[in-house]
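Okay, coords20.cif is below, mmCIF, C-alpha atoms and all ligand atoms:
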data_query
loop_
_atom_site.label_atom_id
_atom_site.label_comp_id
_atom_site.auth_asym_id
_atom_site.auth_seq_id
_atom_site.Cartn_x
_atom_site.Cartn_y
_atom_site.Cartn_z
CA MET N 1 -4.53 3.19 -1.53
CA PHE N 2 -5.15 -0.51 -1.04
CA ILE N 3 -8.83 -1.49 -1.25
CA HIS N 4 -10.09 -4.71 0.32
CA TRP N 5 -13.68 -5.16 -0.73
CA GLY N 6 -15.61 -8.36 -1.23
CA LEU N 7 -18.33 -10.59 0.17
CA TYR N 8 -16.55 -10.56 3.54
CA SER N 9 -17.28 -6.82 3.80
CA GLN N 10 -20.89 -7.76 4.53
CA LEU N 11 -19.85 -9.89 7.50
CA GLY N 12 -17.65 -7.13 8.88
CA ARG N 13 -15.53 -9.63 10.78
CA HIS N 14 -12.21 -9.58 8.89
CA GLU N 15 -11.55 -10.92 5.39
CA TRP N 16 -10.43 -14.24 6.86
CA ALA N 17 -13.84 -14.93 8.47
CA MET N 18 -14.68 -17.79 6.08
CA ASN N 19 -11.55 -19.67 7.13
CA ARG N 20 -11.29 -18.61 10.77
CA GLU N 21 -14.96 -19.36 11.50
CA ARG N 22 -15.10 -22.45 9.27
CA ILE N 23 -18.11 -21.12 7.36
CA PRO N 24 -19.23 -23.83 4.91
CA VAL N 25 -18.86 -22.90 1.23
CA ALA N 26 -22.58 -23.32 0.53
CA GLU N 27 -23.44 -20.97 3.38
CA TYR N 28 -20.81 -18.41 2.45
CA GLU N 29 -21.95 -18.44 -1.18
CA GLN N 30 -25.26 -16.89 -0.14
CA LEU N 31 -23.39 -13.66 0.47
CA ALA N 32 -22.99 -13.36 -3.30
CA ASP N 33 -26.71 -12.67 -3.73
CA THR N 34 -27.20 -10.39 -0.75
CA TRP N 35 -24.41 -8.01 -1.81
CA HIS N 36 -25.84 -4.82 -3.32
CA PRO N 37 -23.18 -2.13 -3.46
CA ALA N 38 -24.12 1.47 -4.11
CA GLU N 39 -23.53 3.04 -7.49
CA ARG N 40 -19.85 3.52 -8.39
CA PRO N 41 -18.27 3.78 -4.94
CA ALA N 42 -14.87 3.56 -6.62
CA ARG N 43 -15.27 7.24 -7.49
CA GLU N 44 -15.45 8.05 -3.78
CA TRP N 45 -12.28 6.02 -3.12
CA ALA N 46 -10.47 7.71 -5.98
CA ARG N 47 -11.50 11.19 -4.88
CA LEU N 48 -10.30 10.44 -1.37
CA ALA N 49 -7.06 8.87 -2.61
CA VAL N 50 -6.24 12.02 -4.57
CA ARG N 51 -7.04 14.22 -1.59
CA ALA N 52 -4.79 12.02 0.56
CA GLY N 53 -1.87 12.56 -1.83
CA MET N 54 -1.94 8.99 -3.14
CA LYS N 55 -0.83 8.14 -6.67
CA TYR N 56 -2.34 4.72 -7.29
CA MET N 57 -4.94 2.27 -6.06
CA VAL N 58 -4.80 -1.51 -5.79
CA MET N 59 -8.14 -3.31 -5.46
CA THR N 60 -8.91 -6.91 -4.55
CA THR N 61 -10.26 -8.40 -7.78
CA LYS N 62 -10.55 -11.74 -5.97
CA HIS N 63 -9.61 -12.35 -2.36
CA HIS N 64 -9.12 -15.75 -0.71
CA GLU N 65 -12.91 -16.22 -0.57
CA GLY N 66 -12.82 -16.78 -4.34
CA PHE N 67 -15.54 -14.33 -5.35
CA CYS N 68 -14.52 -12.52 -8.54
CA LEU N 69 -15.40 -8.83 -8.67
CA TRP N 70 -15.19 -8.71 -12.46
CA ASN N 71 -17.16 -10.13 -15.35
CA THR N 72 -15.24 -13.37 -15.74
CA ARG N 73 -15.86 -16.41 -17.90
CA GLN N 74 -13.83 -18.60 -15.54
CA THR N 75 -16.57 -19.00 -12.93
CA ASP N 76 -20.14 -17.93 -12.31
CA TYR N 77 -19.12 -16.91 -8.79
CA ASN N 78 -18.67 -13.32 -9.87
CA ALA N 79 -20.13 -9.86 -9.37
CA MET N 80 -21.83 -9.78 -12.80
CA LYS N 81 -23.84 -12.94 -12.19
CA HIS N 82 -24.80 -12.27 -8.56
CA GLY N 83 -25.95 -9.46 -6.27
CA PRO N 84 -23.98 -6.54 -7.69
CA GLY N 85 -25.01 -7.41 -11.27
CA ARG N 86 -22.15 -5.43 -12.74
CA ASP N 87 -18.39 -5.43 -13.26
CA LEU N 88 -16.88 -3.83 -10.14
CA VAL N 89 -13.35 -4.03 -11.53
CA ARG N 90 -14.36 -2.01 -14.57
CA GLU N 91 -15.86 0.65 -12.30
CA PHE N 92 -12.66 0.69 -10.29
CA VAL N 93 -10.51 1.12 -13.39
CA GLU N 94 -12.75 3.87 -14.75
CA ALA N 95 -12.58 5.73 -11.44
CA CYS N 96 -8.77 5.48 -11.41
CA ARG N 97 -8.61 6.92 -14.92
CA GLU N 98 -11.09 9.70 -14.12
CA PHE N 99 -9.02 10.82 -11.15
CA GLY N 100 -5.58 10.32 -12.69
CA LEU N 101 -4.53 7.37 -10.51
CA ARG N 102 -2.50 4.37 -11.60
CA VAL N 103 -4.34 1.04 -11.64
CA GLY N 104 -3.40 -2.00 -9.55
CA PHE N 105 -5.07 -5.41 -9.40
CA TYR N 106 -4.76 -7.58 -6.31
CA TYR N 107 -5.33 -11.25 -7.08
CA SER N 108 -5.27 -14.02 -4.49
CA LEU N 109 -3.79 -17.24 -5.86
CA MET N 110 -5.20 -19.07 -2.84
CA ASP N 111 -8.89 -19.76 -3.38
CA TRP N 112 -11.20 -21.21 -0.72
CA HIS N 113 -14.15 -21.52 -3.09
CA HIS N 114 -12.78 -23.19 -6.22
CA PRO N 115 -13.31 -26.96 -5.97
CA ASP N 116 -9.65 -27.55 -6.89
CA GLY N 117 -8.24 -24.69 -4.80
CA ALA N 118 -7.07 -27.02 -2.03
CA ASN N 119 -6.76 -30.47 -3.59
CA CYS N 120 -4.62 -29.15 -6.44
CA ALA N 121 -1.71 -29.94 -4.12
CA ARG N 122 -2.58 -33.65 -4.10
CA ASP N 123 -4.24 -34.31 -7.44
CA GLU N 124 -2.50 -33.61 -10.73
CA ALA N 125 -5.74 -33.26 -12.74
CA ALA N 126 -7.06 -30.83 -10.14
CA ARG N 127 -3.86 -28.83 -10.36
CA ARG N 128 -4.21 -28.60 -14.16
CA ARG N 129 -7.80 -27.39 -13.83
CA PHE N 130 -6.91 -24.87 -11.12
CA LEU N 131 -3.96 -23.48 -13.09
CA ASP N 132 -6.15 -23.12 -16.18
CA PHE N 133 -8.64 -21.23 -14.02
CA THR N 134 -5.93 -19.06 -12.46
CA GLN N 135 -4.25 -18.24 -15.77
CA GLY N 136 -7.65 -17.61 -17.33
CA CYS N 137 -8.49 -15.10 -14.60
CA VAL N 138 -5.14 -13.33 -14.86
CA ARG N 139 -5.40 -13.25 -18.65
CA GLU N 140 -8.82 -11.59 -18.46
CA LEU N 141 -7.63 -9.01 -15.96
CA CYS N 142 -4.67 -8.16 -18.18
CA SER N 143 -6.74 -8.11 -21.39
CA ASN N 144 -10.09 -6.48 -20.71
CA TYR N 145 -9.34 -3.28 -18.80
CA GLY N 146 -6.75 -1.38 -20.81
CA LYS N 147 -3.46 -0.50 -19.20
CA VAL N 148 -2.83 -2.14 -15.84
CA ASP N 149 0.09 -0.71 -13.90
CA ILE N 150 0.47 -3.18 -11.04
CA LEU N 151 -0.31 -6.86 -10.54
CA TRP N 152 -0.41 -7.70 -6.85
CA TYR N 153 -0.54 -11.46 -6.25
CA ASP N 154 -1.20 -12.82 -2.78
CA VAL N 155 -0.84 -16.10 -0.85
CA ALA N 156 0.53 -18.86 -3.04
CA TRP N 157 -1.13 -21.67 -1.08
CA PRO N 158 -1.20 -24.68 -1.36
CA LEU N 159 1.33 -25.21 -4.15
CA GLN N 160 4.84 -24.92 -2.80
CA THR N 161 6.95 -23.76 -5.74
CA ALA N 162 6.85 -21.36 -8.68
CA GLU N 163 7.19 -24.42 -10.93
CA LEU N 164 4.00 -25.94 -9.54
CA TRP N 165 2.19 -22.61 -10.01
CA GLU N 166 3.71 -22.17 -13.50
CA SER N 167 4.54 -18.66 -12.40
CA VAL N 168 7.17 -18.02 -15.09
CA LYS N 169 4.70 -18.95 -17.82
CA MET N 170 1.92 -16.93 -16.19
CA ASN N 171 4.00 -13.79 -15.66
CA THR N 172 5.47 -14.04 -19.16
CA MET N 173 1.90 -13.95 -20.42
CA VAL N 174 1.18 -10.97 -18.15
CA ARG N 175 4.13 -9.02 -19.56
CA GLU N 176 3.16 -9.84 -23.14
CA LEU N 177 -0.28 -8.39 -22.46
CA GLN N 178 0.96 -5.50 -20.29
CA PRO N 179 4.55 -4.62 -21.24
CA ASP N 180 4.92 -1.82 -18.66
CA ILE N 181 3.30 -3.59 -15.71
CA ILE N 182 5.11 -4.17 -12.43
CA ILE N 183 4.48 -7.46 -10.63
CA ASN N 184 4.95 -8.13 -6.93
CA ASN N 185 6.86 -11.03 -5.39
CA ARG N 186 3.99 -13.22 -4.26
CA SER N 187 3.79 -15.77 -7.09
CA LEU N 188 6.96 -17.32 -5.55
CA LEU N 189 9.15 -15.33 -7.95
CA ASP N 190 10.96 -12.13 -6.97
CA GLU N 191 9.69 -10.19 -10.01
CA ASP N 192 9.67 -6.38 -9.59
CA PHE N 193 9.16 -5.53 -5.93
CA GLY N 194 9.09 -6.88 -2.40
CA THR N 195 6.01 -6.65 -0.17
CA PRO N 196 6.62 -6.26 3.55
CA GLU N 197 3.20 -6.61 5.19
CA GLU N 198 2.10 -4.79 8.36
CA HIS N 199 5.57 -3.36 8.89
CA VAL N 200 7.51 -0.71 7.00
CA THR N 201 10.93 -2.30 6.62
CA PRO N 202 13.22 -1.33 3.76
CA GLU N 203 14.46 -4.16 1.56
CA MET N 204 18.13 -4.38 0.67
CA ALA N 205 19.52 -1.58 -1.48
CA GLY N 206 18.77 -2.02 -5.16
CA ARG N 207 15.52 -3.86 -4.58
CA ASP N 208 12.25 -2.02 -5.05
CA TRP N 209 9.64 -2.52 -2.37
CA GLU N 210 6.26 -1.40 -1.14
CA ALA N 211 5.00 -1.82 2.41
CA CYS N 212 1.32 -2.74 2.66
CA MET N 213 -0.38 -1.65 5.87
CA THR N 214 -3.84 -2.01 7.33
CA PHE N 215 -5.34 1.15 8.77
CA ASN N 216 -6.87 -0.58 11.79
CA GLY N 217 -5.56 -4.16 11.90
CA SER N 218 -8.09 -5.60 9.47
CA TRP N 219 -7.93 -5.47 5.68
CA GLY N 220 -11.63 -6.10 5.19
CA TYR N 221 -14.29 -3.83 6.71
CA MET N 222 -14.49 -4.55 10.44
CA PRO N 223 -16.35 -2.03 12.56
CA SER N 224 -15.02 -3.54 15.80
CA ALA N 225 -11.43 -2.81 14.73
CA ILE N 226 -11.23 0.56 16.38
CA ASP N 227 -7.49 1.08 16.81
CA TRP N 228 -6.81 3.20 13.77
CA HIS N 229 -3.35 4.47 12.93
CA SER N 230 -3.10 8.17 13.66
CA VAL N 231 -2.21 10.92 11.20
CA ARG N 232 1.23 11.06 12.79
CA GLU N 233 1.69 7.31 12.43
CA VAL N 234 0.80 7.45 8.75
CA ILE N 235 3.30 10.28 8.24
CA SER N 236 5.91 8.22 10.07
CA MET N 237 5.21 5.28 7.74
CA LEU N 238 5.69 7.62 4.79
CA ARG N 239 9.04 8.78 6.11
CA THR N 240 10.31 5.25 6.67
CA ALA N 241 9.10 4.22 3.22
CA ALA N 242 10.56 7.21 1.40
CA GLY N 243 13.74 7.03 3.49
CA GLY N 244 14.29 3.48 2.26
CA GLN N 245 13.27 4.19 -1.35
CA GLY N 246 10.04 2.30 -0.94
CA ASN N 247 6.35 2.99 -1.37
CA LEU N 248 3.46 2.84 1.06
CA LEU N 249 0.24 1.01 0.19
CA LEU N 250 -2.22 1.99 2.92
CA ASN N 251 -5.46 0.02 3.09
CA ILE N 252 -9.07 0.94 3.52
CA GLY N 253 -11.83 -1.63 3.89
CA PRO N 254 -14.98 -0.06 2.49
CA ARG N 255 -18.38 -0.95 3.90
CA PRO N 256 -20.44 -3.43 1.86
CA ASP N 257 -22.11 -0.55 0.01
CA GLY N 258 -18.63 0.71 -0.89
CA SER N 259 -18.62 3.79 1.30
CA VAL N 260 -15.48 4.68 3.21
CA PRO N 261 -15.53 4.56 7.03
CA GLU N 262 -15.45 7.98 8.67
CA GLU N 263 -12.27 7.14 10.58
CA ALA N 264 -10.38 6.85 7.29
CA TYR N 265 -11.56 10.31 6.21
CA GLN N 266 -10.63 11.82 9.55
CA ARG N 267 -7.05 10.70 9.04
CA LEU N 268 -6.54 10.80 5.29
CA ILE N 269 -7.72 14.37 4.78
CA PRO N 270 -5.10 15.79 7.19
CA VAL N 271 -2.47 13.45 5.74
CA GLY N 272 -3.28 14.90 2.33
CA GLN N 273 -3.07 18.46 3.65
CA TRP N 274 0.27 17.67 5.22
CA ILE N 275 1.59 16.12 2.01
CA SER N 276 0.40 19.10 -0.03
CA GLN N 277 2.81 21.21 2.05
CA ASN N 278 5.62 18.70 2.41
CA GLY N 279 5.38 16.44 -0.63
CA GLU N 280 8.80 17.47 -1.90
CA ALA N 281 10.32 15.40 0.94
CA LEU N 282 8.71 12.17 -0.21
CA TYR N 283 7.60 12.20 -3.85
CA GLY N 284 9.72 11.32 -6.82
CA LEU N 285 13.27 10.03 -6.87
CA VAL N 286 14.46 9.93 -3.29
CA ASP N 287 17.79 8.46 -2.28
CA ARG N 288 18.21 5.91 0.45
CA ALA N 289 18.63 7.54 3.84
CA ASP N 290 18.91 4.33 5.86
CA GLY N 291 22.57 3.48 6.32
CA ARG N 292 23.60 7.01 5.37
CA MET N 293 21.85 9.04 8.05
CA GLU N 294 21.36 8.35 11.74
CA SER N 295 18.11 8.06 13.65
CA MET N 296 17.51 10.95 16.02
CA PRO N 297 15.31 11.37 19.11
CA THR N 298 13.58 14.36 17.51
CA GLY N 299 13.07 13.02 14.00
CA GLY N 300 14.34 11.24 10.91
CA TRP N 301 15.48 11.78 7.35
CA THR N 302 14.73 11.56 3.69
CA LEU N 303 17.24 12.52 1.02
CA LYS N 304 17.25 13.81 -2.54
CA GLY N 305 20.56 14.59 -4.19
CA HIS N 306 22.32 17.28 -2.16
CA THR N 307 19.22 18.00 -0.07
CA ALA N 308 18.37 16.45 3.28
CA TYR N 309 14.87 16.66 4.74
CA TYR N 310 14.62 16.38 8.50
CA TRP N 311 11.16 15.24 9.57
CA CYS N 312 10.98 16.62 13.10
CA HIS N 313 8.14 14.94 14.99
CA ARG N 314 9.26 15.90 18.52
CA TRP N 315 9.82 19.62 18.44
CA PRO N 316 12.69 20.66 20.71
CA GLY N 317 11.86 24.38 21.06
CA ARG N 318 13.82 27.40 19.92
CA GLU N 319 16.94 25.49 18.99
CA LEU N 320 17.44 22.21 17.19
CA ALA N 321 20.89 20.65 17.22
CA ILE N 322 21.93 17.89 14.85
CA GLY N 323 25.21 16.09 15.37
CA GLY N 324 27.49 14.28 13.00
CA LEU N 325 26.60 15.88 9.67
CA GLN N 326 29.58 15.35 7.39
CA THR N 327 28.33 17.82 4.85
CA GLU N 328 28.40 21.58 4.64
CA VAL N 329 24.93 23.07 4.93
CA LEU N 330 24.40 26.00 2.57
CA ARG N 331 20.82 26.85 3.44
CA ALA N 332 18.19 25.75 5.94
CA SER N 333 14.46 26.42 5.70
CA LEU N 334 11.02 25.24 6.74
CA LEU N 335 9.80 23.12 3.83
CA ALA N 336 6.12 23.98 4.24
CA THR N 337 6.59 27.76 4.06
CA GLY N 338 10.06 28.22 2.60
CA GLN N 339 10.94 30.41 5.56
CA PRO N 340 14.73 30.51 6.02
CA ILE N 341 16.28 29.32 9.28
CA THR N 342 19.44 30.84 10.70
CA PHE N 343 22.03 28.28 11.74
CA GLU N 344 25.55 27.73 12.89
CA GLN N 345 27.58 24.79 11.73
CA THR N 346 30.76 23.76 13.43
CA GLU N 347 32.74 20.64 12.64
CA ASN N 348 30.39 18.18 14.26
CA ARG N 349 27.29 20.14 15.04
CA LEU N 350 24.55 21.93 13.21
CA VAL N 351 22.51 24.27 15.41
CA LEU N 352 19.32 25.70 13.98
CA LYS N 353 18.35 28.91 15.76
CA ASP N 354 15.47 31.28 16.40
CA LEU N 355 12.90 28.56 15.80
CA PRO N 356 9.31 28.85 17.02
CA GLU N 357 8.68 27.64 20.55
CA SER N 358 6.35 24.89 19.34
CA SER N 359 6.17 22.86 16.15
CA PRO N 360 5.03 25.13 13.31
CA ASP N 361 3.16 22.25 11.68
CA ARG N 362 -0.40 22.59 12.92
CA ILE N 363 -1.66 19.52 11.06
CA ALA N 364 0.34 16.76 12.69
CA GLY N 365 3.19 18.32 14.60
CA VAL N 366 5.64 17.01 12.03
CA THR N 367 7.74 19.85 10.66
CA VAL N 368 10.08 19.17 7.78
CA ILE N 369 13.32 21.15 7.75
CA LYS N 370 15.04 21.35 4.42
CA LEU N 371 18.83 21.39 4.46
CA GLU N 372 20.47 22.25 1.15
CA CYS N 373 24.02 21.00 1.26
CA ALA N 374 27.24 21.36 -0.71
CA SER N 375 27.37 17.64 -1.45
CA GLU N 376 25.42 14.45 -0.78
CA PRO N 377 24.54 14.52 2.91
CA ARG N 378 25.93 11.94 5.26
CA GLN N 379 25.71 11.70 9.04
CA VAL N 380 28.02 9.79 11.35
CA LEU N 381 27.40 9.46 15.07
CA GLY N 382 29.25 6.85 17.04
CA MET N 383 28.19 5.73 20.49
CA GLY N 384 30.73 7.96 22.24
CA CYS N 385 30.97 11.68 22.94
CA VAL N 386 32.96 14.54 21.51
CA VAL N 387 36.68 14.00 21.99
CA LEU N 388 38.41 17.24 22.87
O1 LIG N 401 -5.11 -9.50 1.79
C1 LIG N 401 -4.50 -9.27 3.04
C2 LIG N 401 -4.54 -10.49 3.91
O2 LIG N 401 -5.81 -11.09 3.97
C3 LIG N 401 -3.54 -11.35 3.22
N1 LIG N 401 -2.57 -10.43 2.66
C4 LIG N 401 -3.01 -9.11 2.91
C5 LIG N 401 -2.58 -8.15 1.83
C6 LIG N 401 -2.95 -12.33 4.08
N2 LIG N 401 -3.06 -13.59 3.90
N3 LIG N 401 -2.39 -14.22 4.80
N4 LIG N 401 -1.85 -13.35 5.56
C7 LIG N 401 -2.19 -12.14 5.19
C8 LIG N 401 -1.03 -13.70 6.69
C9 LIG N 401 -1.80 -14.66 7.49
C10 LIG N 401 -2.34 -14.20 8.66
C11 LIG N 401 -3.13 -15.11 9.42
FE1 LIG N 401 -4.66 -14.62 10.51
C12 LIG N 401 -2.86 -15.54 10.72
C13 LIG N 401 -4.23 -15.77 8.95
C14 LIG N 401 -4.74 -16.54 9.96
C15 LIG N 401 -3.90 -16.39 11.09
C16 LIG N 401 -4.66 -12.70 11.13
C17 LIG N 401 -5.25 -13.45 12.10
C18 LIG N 401 -5.39 -12.88 9.95
C19 LIG N 401 -6.43 -13.74 10.28
C20 LIG N 401 -6.33 -14.07 11.58
#
Re-express the file's structure as structure tokens.
Amino acid sequence: MFIHWGLYSQLGRHEWAMNRERIPVAEYEQLADTWHPAERPAREWARLAVRAGMKYMVMTTKHHEGFCLWNTRQTDYNAMKHGPGRDLVREFVEACREFGLRVGFYYSLMDWHHPDGANCARDEAARRRFLDFTQGCVRELCSNYGKVDILWYDVAWPLQTAELWESVKMNTMVRELQPDIIINNRSLLDEDFGTPEEHVTPEMAGRDWEACMTFNGSWGYMPSAIDWHSVREVISMLRTAAGGQGNLLLNIGPRPDGSVPEEAYQRLIPVGQWISQNGEALYGLVDRADGRMESMPTGGWTLKGHTAYYWCHRWPGRELAIGGLQTEVLRASLLATGQPITFEQTENRLVLKDLPESSPDRIAGVTVIKLECASEPRQVLGMGCVVL
């Protein structure tokens, strides 16, 4: 679960409102004193994340607006010294621990509030001050909250290179403070994982990655953003992510008080129910399915060892035929119930028989069929037909 929460949540007009609407800094700053979140909303996020089958949360400790959600000594523009009057990052970390979730910190390098955040590109003294500020912030986040599992940098504007950001020095410090942390690729260094944004596209084999996705087109709370991804779309994102050995970081933008919009509940609870029945197809060490399996009109694949999982999202009826499997199928079953499926396999064709007329998955109409095979599954379908 990605959490975008900050002063912009009060405006409810996207987290880029300050920039897109050219709100003057002095005017925007007033939002710091009018922000009065409810008590410990992070517990609500964590409870929901667990119910949704999620394993970790990443929260915006400072977005582009520059307001720091933790008790920092680097600037007074922080949650302790203004409206909230408390350390919202600490609450977040405590909620993660209470609910058994891993902890991730989002940190925007770009800063629209810091006086040197823009002119650091033109003025060497400003750059020094801004880097000291940035490294001071990152040092605090990696020092004051116990174990941090993920550091999620964002938007390395306006400095153009990792050298100018001193990213090697900064991330060396991070790893000294947090030896097991994983760091994303947005400090202009590749580091541990790639970050496709608003699309779920596997990175090249051998490279870890995590797709970050909005739920409704806005990261920050935006009540007018009403086109929410459906339960089926979220499950499809999960399949593409797991099929390419990646993770999914799905966002919610809490209201200013920290509560979670109803639309997120309406989708995440069923997603969690679905995962509780089908989690085997996506959790843990999956193999890459892209490049090894074909895309099908009725569904797609994830793989684990000798097992193939067919995520059927367009149910064909009493029979489901799959062409081009190069592997002998030993056993077929419905993943959710374990119910065996009778099948016939000829050289080029697997036909699953005596299936229900409609998709047995009542949650989302996505039924996972588990195929236990004699060896690592592979599927080959050219563009032509069967040659007799
Ligand atoms: O924190 C979220 C975004 O605010 C941030 N990264 C994610 C995780 C981000 N920063 N920049 N971008 C994403 C890409 C830039 C998109 C933009 Fe726009 C195009 C900014 C201005 C024009 C879309 C439309 C966003 C605001 C208006």
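Restricting the atom set to all atoms listed in the file, one finds that the residues within 7 Å of ligand LIG 401 (chain N) amount to Glu15, Trp16, Arg20, His63, Asp154, Val155, Glu197, Cys212 and Trp219 of chain N.
Note that CA of Ser375 in chain N and CA of Glu347 in chain N are 15.4 Å apart.
You will find CA of Thr298 in chain N at 5.6 Å from CA of Cys312 in chain N.
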task: Determine, counting all atoms listed in the file, which protein, DNA and RNA residues have an atom within 7 Å of an atom of Cys96 in chain N; residues of the same chain fewer than 6 positions away are not included. Present the result as a PyMOL selection string.
output: chain N and resi 46+102-103
query: Which residues, written as a PyMOL selection string, have at least one atom at most 9 Å from range 239-252 of chain N, with only C-alpha atoms counted and residues fewer than 5 positions away on the same chain left out?
result: chain N and resi 1-5+45+54+56-58+200-205+207-216+218-221+234+260-261+264+281-283+285-290+300-303+311
Any chance you could tabulate, as JSON lines, the residues of range 342-369 of chain N at most 7 Å from range 323-328 of chain N with each one's nearest atom pair and distance in Å to one decimal, using all atoms listed in the file, in chain and rising number order?
{"residue": "N:Asn348", "atom": "CA", "partner": "N:Gly324", "partner_atom": "CA", "distance": 5.0}
{"residue": "N:Arg349", "atom": "CA", "partner": "N:Gly323", "partner_atom": "CA", "distance": 4.6}
{"residue": "N:Leu350", "atom": "CA", "partner": "N:Gly323", "partner_atom": "CA", "distance": 6.3}
- prompt: Residues at most 12 Å from range 119-128 of chain N, counting all atoms listed in the file, excluding those fewer than 6 positions away in the same chain, as a list of chain:residue names?
  reply: N:Leu109, N:Met110, N:Asp111, N:Trp112, N:His113, N:Thr134, N:Gln135, N:Gly136, N:Ala156, N:Trp157, N:Pro158, N:Leu159, N:Gln160, N:Thr161, N:Glu163, N:Leu164, N:Trp165, N:Glu166
message: Within 10 Å of (-25.6, -13.8, -7.2) in the file's own coordinates, which protein, DNA or RNA residues have an atom, counting all atoms listed in the file? List them as a ChimeraX atom specification.
response: /N:29-36,76-85
message: Set the distance at 12 Å and use only C-alpha atoms: which residues neighbour Tyr107 in chain N once local chain neighbours fewer than 6 positions away are removed? I'd like the list as a ChimeraX atom specification.
response: /N:3-4,58-70,89,134-135,137-142,150-156,183-184,186-187
query: Counting all atoms listed in the file, what is within 9 Å of Arg292 in chain N, bar same-chain residues fewer than 6 positions away, as a ChimeraX atom specification?
result: /N:377-380
task: Kindly give the distance, in Å, that separates CA of Glu280 in chain N and CA of Val148 in chain N, rounded to a single decimal.
output: 26.7 Å
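Here the question is which of N:Asp180, N:His14, N:Gly284, N:Leu131 gets nearest to Ser167 in chain N using only C-alpha atoms, and that residue is N:Leu131.
With distances restricted to all atoms listed in the file, N:His199 is the closest residue to Met237 in chain N from N:Phe92, N:Gln339, N:Glu262, N:His199.
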Minimum-distance residue to Val329 in chain N, chosen among N:Gly299, N:Cys373, N:Glu44, N:Pro360 (using all atoms listed in the file): N:Cys373
Closest of N:Ser359, N:Gly117, N:Ile23, N:Thr367 to Tyr8 in chain N - atom-to-atom distances counting only C-alpha atoms: N:Ile23
